[in-house]
Amino acid sequence: MRLPRMVELFGENPKKGDLILIIGFSIVSTLHLILILYNEIAAISLIGQVLIVLLCIDISGGVIANLTKSTKSYYIKRPKLEKIFIAIHIQPLILGLIISGQMAFGTFIYLYAALSTLFVLKMRHHTWHKTLAMSLLMMGIILSFLVFLDSSRLMMLLSILFLTKLIYAFGVNHLD
C-alpha cells in the first residue's frame with residue numbers, strides 16, 4: 001500500500017496488516033494511558049494535554065512501525081536519515097517541559113536513547129546486535145527506575161515506550 005508523504009513513518013510499501021496494528025496499538029495504548037492516568041494528565045494545561053496525547057500516539061505507534069519490514073528497509077537504505085531520525089526524536093525533552101519537574105528525566109532519556117541507538121546501529125553487522133539492543137534497553141529501564149523512581153507515572157511509561165521505540169525497534173535490523 002503506497003502512502004504518499006508518510007514514507008518516513010511507514011516505509012515505502014507498508015502492509016495493510018502492519019498499518020492496522022500500528023494505528024490500532026497507538027490508539028488503544030493512548031486511550032488506556034488517558035483513562036488510567038486521567039488525574040495526572042488533568043493537572044496539566046490543556047495545551048500540554050493535547051501535546052501528551054499526540055506524543056503518546058507518536059511514540060506508541062513508532063514502537064510498532066519501527067518493527068515493520070517496510071519502515072526498517074526504508075531506513076537501512078538511508079544511513080544518514082537514521083542519524084537524523086534519532087536526533088529529531090526530542091519527545092522526552094518536550095515531555096520534560098510539559099510535565100512539571102521532569103526535565104532532568106527527559107534529558108536523561110533523550111541522551112541515553114540517542115547514544116544507545118547509535119551504538120546499536122554501529123554494531124548491527126554483528127550477530128549479537130539484538131542482544132546488545134535489549135541489554136541497553138533493559139539498562140535504560142533499570143536506571144530510570146533507580147534514579148527517577150519518584151517521577152510521574154506518565155513520564156515513566158512514555159519513557160519506557162520511547163526507549164523501546166528507539167533502541168530496540170529502530171536500532172535493531174529486524175530483517176535478519
# chains A, B, ... in the order shown; residues from 1 in each chain; ligands from 1
>>> select_by_dssp(residues="range 23-157 of chain A", states="alpha helix (DSSP H)", output="mmCIF file with C-alpha atoms, in the first residue's frame")
data_model
loop_
_atom_site.group_PDB
_atom_site.id
_atom_site.type_symbol
_atom_site.label_atom_id
_atom_site.label_comp_id
_atom_site.auth_asym_id
_atom_site.auth_seq_id
_atom_site.Cartn_x
_atom_site.Cartn_y
_atom_site.Cartn_z
ATOM 1 C CA ILE A 23 -2.690 2.608 14.242
ATOM 2 C CA GLY A 24 -4.636 0.220 16.480
ATOM 3 C CA PHE A 25 -1.867 -0.036 19.066
ATOM 4 C CA SER A 26 -1.275 3.708 19.129
ATOM 5 C CA ILE A 27 -4.975 4.448 19.654
ATOM 6 C CA VAL A 28 -5.595 1.714 22.241
ATOM 7 C CA SER A 29 -2.445 2.474 24.246
ATOM 8 C CA THR A 30 -3.201 6.216 24.206
ATOM 9 C CA LEU A 31 -6.773 5.629 25.402
ATOM 10 C CA HIS A 32 -5.519 3.380 28.208
ATOM 11 C CA LEU A 33 -2.981 5.991 29.222
ATOM 12 C CA ILE A 34 -5.655 8.712 29.329
ATOM 13 C CA LEU A 35 -8.104 6.574 31.297
ATOM 14 C CA ILE A 36 -5.658 5.145 33.815
ATOM 15 C CA TYR A 38 -6.509 10.728 33.991
ATOM 16 C CA ASN A 39 -5.833 12.616 37.255
ATOM 17 C CA GLU A 40 -2.183 13.126 36.410
ATOM 18 C CA ILE A 41 -2.982 14.326 32.890
ATOM 19 C CA ALA A 42 -5.854 16.542 34.092
ATOM 20 C CA LEU A 46 -4.919 21.985 28.052
ATOM 21 C CA ILE A 47 -2.134 22.593 25.530
ATOM 22 C CA GLY A 48 0.054 20.171 27.496
ATOM 23 C CA GLN A 49 -2.709 17.572 27.496
ATOM 24 C CA VAL A 50 -3.098 17.823 23.718
ATOM 25 C CA LEU A 51 0.667 17.511 23.256
ATOM 26 C CA ILE A 52 0.788 14.490 25.565
ATOM 27 C CA VAL A 53 -1.932 12.727 23.567
ATOM 28 C CA LEU A 54 -0.103 13.473 20.292
ATOM 29 C CA LEU A 55 3.234 12.363 21.736
ATOM 30 C CA CYS A 56 1.694 9.155 23.069
ATOM 31 C CA ILE A 57 0.219 8.359 19.658
ATOM 32 C CA ASP A 58 3.575 9.076 18.019
ATOM 33 C CA ILE A 59 5.724 7.163 20.490
ATOM 34 C CA SER A 60 3.480 4.106 20.803
ATOM 35 C CA GLY A 61 2.803 3.933 17.066
ATOM 36 C CA GLY A 62 6.522 4.301 16.408
ATOM 37 C CA VAL A 63 7.352 1.287 18.559
ATOM 38 C CA ILE A 64 5.296 -0.902 16.221
ATOM 39 C CA ALA A 65 6.119 0.936 12.971
ATOM 40 C CA LYS A 69 9.868 -4.607 7.230
ATOM 41 C CA SER A 70 8.725 -1.560 5.293
ATOM 42 C CA THR A 71 10.000 1.013 7.787
ATOM 43 C CA LYS A 72 13.225 -0.874 8.518
ATOM 44 C CA SER A 73 14.012 -1.318 4.805
ATOM 45 C CA TYR A 74 13.474 2.386 4.176
ATOM 46 C CA TYR A 75 15.966 3.491 6.821
ATOM 47 C CA ILE A 76 18.586 0.771 6.198
ATOM 48 C CA PRO A 79 22.026 5.602 6.808
ATOM 49 C CA LYS A 80 22.166 9.422 7.008
ATOM 50 C CA LEU A 81 18.419 9.501 7.668
ATOM 51 C CA GLU A 82 18.894 7.064 10.545
ATOM 52 C CA LYS A 83 21.033 9.613 12.376
ATOM 53 C CA ILE A 84 18.592 12.425 11.595
ATOM 54 C CA PHE A 85 15.735 10.226 12.825
ATOM 55 C CA ILE A 86 17.498 9.769 16.151
ATOM 56 C CA ALA A 87 18.422 13.440 16.546
ATOM 57 C CA ILE A 88 14.939 14.803 15.881
ATOM 58 C CA GLN A 91 9.824 13.776 22.624
ATOM 59 C CA PRO A 92 11.360 13.149 26.083
ATOM 60 C CA LEU A 93 12.589 16.753 26.172
ATOM 61 C CA ILE A 94 9.120 18.022 25.259
ATOM 62 C CA LEU A 95 7.570 15.772 27.920
ATOM 63 C CA GLY A 96 10.109 17.078 30.427
ATOM 64 C CA LEU A 97 8.910 20.601 29.717
ATOM 65 C CA ILE A 98 5.208 19.747 29.858
ATOM 66 C CA MET A 103 13.236 17.917 32.675
ATOM 67 C CA ALA A 104 16.202 16.008 34.134
ATOM 68 C CA PHE A 105 14.442 12.704 33.434
ATOM 69 C CA GLY A 106 13.507 13.810 29.911
ATOM 70 C CA THR A 107 17.090 14.844 29.200
ATOM 71 C CA PHE A 108 18.429 11.548 30.539
ATOM 72 C CA ILE A 109 16.008 9.523 28.375
ATOM 73 C CA TYR A 110 16.777 11.535 25.234
ATOM 74 C CA LEU A 111 20.559 11.238 25.630
ATOM 75 C CA TYR A 112 20.526 7.597 26.753
ATOM 76 C CA ALA A 113 18.233 6.550 23.892
ATOM 77 C CA ALA A 114 20.181 8.501 21.263
ATOM 78 C CA LEU A 115 23.604 7.220 22.316
ATOM 79 C CA SER A 116 22.395 3.635 22.789
ATOM 80 C CA THR A 117 20.648 3.585 19.418
ATOM 81 C CA LEU A 118 23.694 4.985 17.617
ATOM 82 C CA PHE A 119 25.822 2.278 19.248
ATOM 83 C CA VAL A 120 23.377 -0.471 18.251
ATOM 84 C CA LEU A 121 23.317 0.831 14.669
ATOM 85 C CA LYS A 122 27.129 0.805 14.623
ATOM 86 C CA HIS A 129 23.369 -6.684 17.994
ATOM 87 C CA LYS A 130 19.822 -7.697 19.009
ATOM 88 C CA THR A 131 21.099 -8.893 22.373
ATOM 89 C CA LEU A 132 23.073 -5.664 22.743
ATOM 90 C CA ALA A 133 19.975 -3.607 21.987
ATOM 91 C CA MET A 134 17.871 -5.496 24.520
ATOM 92 C CA SER A 135 20.624 -5.168 27.140
ATOM 93 C CA LEU A 136 20.821 -1.400 26.600
ATOM 94 C CA LEU A 137 17.035 -1.124 26.652
ATOM 95 C CA MET A 138 16.787 -3.030 29.940
ATOM 96 C CA MET A 139 19.638 -0.994 31.468
ATOM 97 C CA GLY A 140 17.832 2.212 30.476
ATOM 98 C CA ILE A 141 14.647 0.998 32.161
ATOM 99 C CA ILE A 142 16.530 -0.116 35.280
ATOM 100 C CA LEU A 143 18.364 3.223 35.529
ATOM 101 C CA SER A 144 15.081 5.078 35.005
ATOM 102 C CA PHE A 145 13.519 3.283 37.960
ATOM 103 C CA LEU A 146 16.577 3.566 40.180
ATOM 104 C CA VAL A 147 17.392 7.223 39.523
ATOM 105 C CA ARG A 153 3.904 7.513 36.112
ATOM 106 C CA LEU A 154 3.064 9.249 32.836
ATOM 107 C CA MET A 155 6.696 10.204 32.272
ATOM 108 C CA MET A 156 7.919 6.744 33.278
ATOM 109 C CA LEU A 157 5.534 4.925 30.940
#
>>> closest_residue(among="A:Ile22, A:Ala43, A:Leu37, A:Leu175", to="Arg124 in chain A", atoms="only C-alpha atoms")
A:Leu175
>>> atom_distance(atom1="CA of Pro14 in chain A", atom2="CA of His126 in chain A")
26.9 Å
>>> atom_distance(atom1="CA of Ser159 in chain A", atom2="CA of Met123 in chain A")
23.6 Å
>>> atom_distance(atom1="CA of Ser100 in chain A", atom2="CA of Leu163 in chain A")
20.7 Å
